[in-house]
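One structure below.
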Amino acid sequence: MPNRAKREPISHIGGMGFLVLGLFLLIPVRAEAIGPSALGGDLAQIASAFFTSLAVHETGHALIADQMGGEGVSIHFFTQESDNFALGLTKVKKLDRRSTLPFAMGGEIANSLNFEYALHRYRHQPTVFNRSLLLFSGTDFLWYTVYSFYLSNGSSPSDPLFIHQETGLSREAILGVALTQSLLNFYRVTSGKDTVVPYFTYDRYSVNFMLRLATW
């Protein structure tokens, strides 16, 4: 059963370490312009937002693995796994088989929270960094699902593939959830209204996709 645990971890970070790291990564730092042009500064902020989203995603996996009592948790960036290059990869040496689903969804859960924070920041400071972070965190589940199922055709281990294996949900159903989340995120950004808010809840053995309706 896939659990991202195929070798000894490179490093181990305790629960408090993950929490501090996660909070640090959620604090947007405005990138300074590179060179004389504003374009350089914009590109730096976009890149900073992308890597922030990536780091938050992997930290989410690690945090949930730690919460579920996982042992040997490690985070890797720009690594090779099963002949496939991975921008980010989180492994756990030992994890309760029944907690595989929350672990697999950890990155999406973390970036869902990251989106909420970025949206709050964007409404007060519509910087390039905040706009970019909204894009990357708000579409994290969608682009990962499209890549996993339709571009790589399930040829490499991935969160959506694990979700498919654990729940029996079809690829189309998982894509539907990811697309719904991204479209609602887009509506909230463009309209400035939080009429419907998508979010995830989880416990030791399950994950739920929820919609919260605004009340007046």
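The chains in the structure tokens are called A, B, ... from first to last as shown; in each chain the residues are counted from 1, and the ligands are counted from 1 in the order shown.
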
Self-check item: For A:Pro160: contacts at 9 Å, only C-alpha atoms, fewer than 3 positions along chain excluded, given as a ChimeraX atom specification
Solution: /A:104-105,141,144-145,148-149,154,157,163-165,171,174-175

Kindly export the residues of the current selection with C-alpha atoms, as a PDB file, in the first residue's frame.
ATOM      1  CA  ALA A 104      -2.439  12.080   1.218  1.00  0.00           C
ATOM      2  CA  MET A 105      -4.735  15.118   1.501  1.00  0.00           C
ATOM      3  CA  PHE A 141      -5.652  20.597  -5.909  1.00  0.00           C
ATOM      4  CA  TYR A 144      -2.201  18.473  -9.290  1.00  0.00           C
ATOM      5  CA  THR A 145      -5.258  16.394 -10.238  1.00  0.00           C
ATOM      6  CA  SER A 148      -1.691  13.239 -12.157  1.00  0.00           C
ATOM      7  CA  PHE A 149      -4.643  11.829 -14.082  1.00  0.00           C
ATOM      8  CA  GLY A 154      -1.187   8.040 -13.216  1.00  0.00           C
ATOM      9  CA  PRO A 157       2.712   8.281  -7.110  1.00  0.00           C
ATOM     10  CA  ILE A 163      -7.070   9.417  -2.925  1.00  0.00           C
ATOM     11  CA  HIS A 164      -8.440   7.400  -5.842  1.00  0.00           C
ATOM     12  CA  GLN A 165      -6.976   4.181  -4.437  1.00  0.00           C
ATOM     13  CA  ARG A 171     -10.900  10.326 -11.504  1.00  0.00           C
ATOM     14  CA  ILE A 174     -11.927  13.840  -7.775  1.00  0.00           C
ATOM     15  CA  LEU A 175     -11.512  16.307 -10.633  1.00  0.00           C
TER      16      LEU A 175
END

Exercise. Just list the residues in stretch 166-213 of chain A DSSP gives strand (DSSP E) on the backbone, as number ranges by chain.
Key: A: 196-202, 207-213

Practice problem: Find the residue from A:Leu142, A:Val177, A:Leu213, A:Leu134 that sits nearest to A:Thr52; use only C-alpha atoms when measuring. | Solution: A:Leu134

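Excluding A:Thr100 and any residue on its chain fewer than 6 positions from it, the residues at most 12 Å away by only C-alpha atoms are Met1, Pro2, Asn3, Arg4, Ala5, His61, Ile64, Ala65, Met68, Gly69, Gly70, Lys91, Val92, Lys94, Gly106, Asp159, Leu161, Phe162, Ile163, His164, Gln165, Glu166, Thr167, Tyr202, Asp203, Arg204, Tyr205, Ser206 and Val207 of chain A.
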
Quiz item: Which neighbours of A:Thr79 fall inside 12 Å, counting only C-alpha atoms, when residues of the same chain fewer than 4 positions from it are skipped, and could you give them as a PyMOL selection string?
Solution: chain A and resi 10+75+83-91
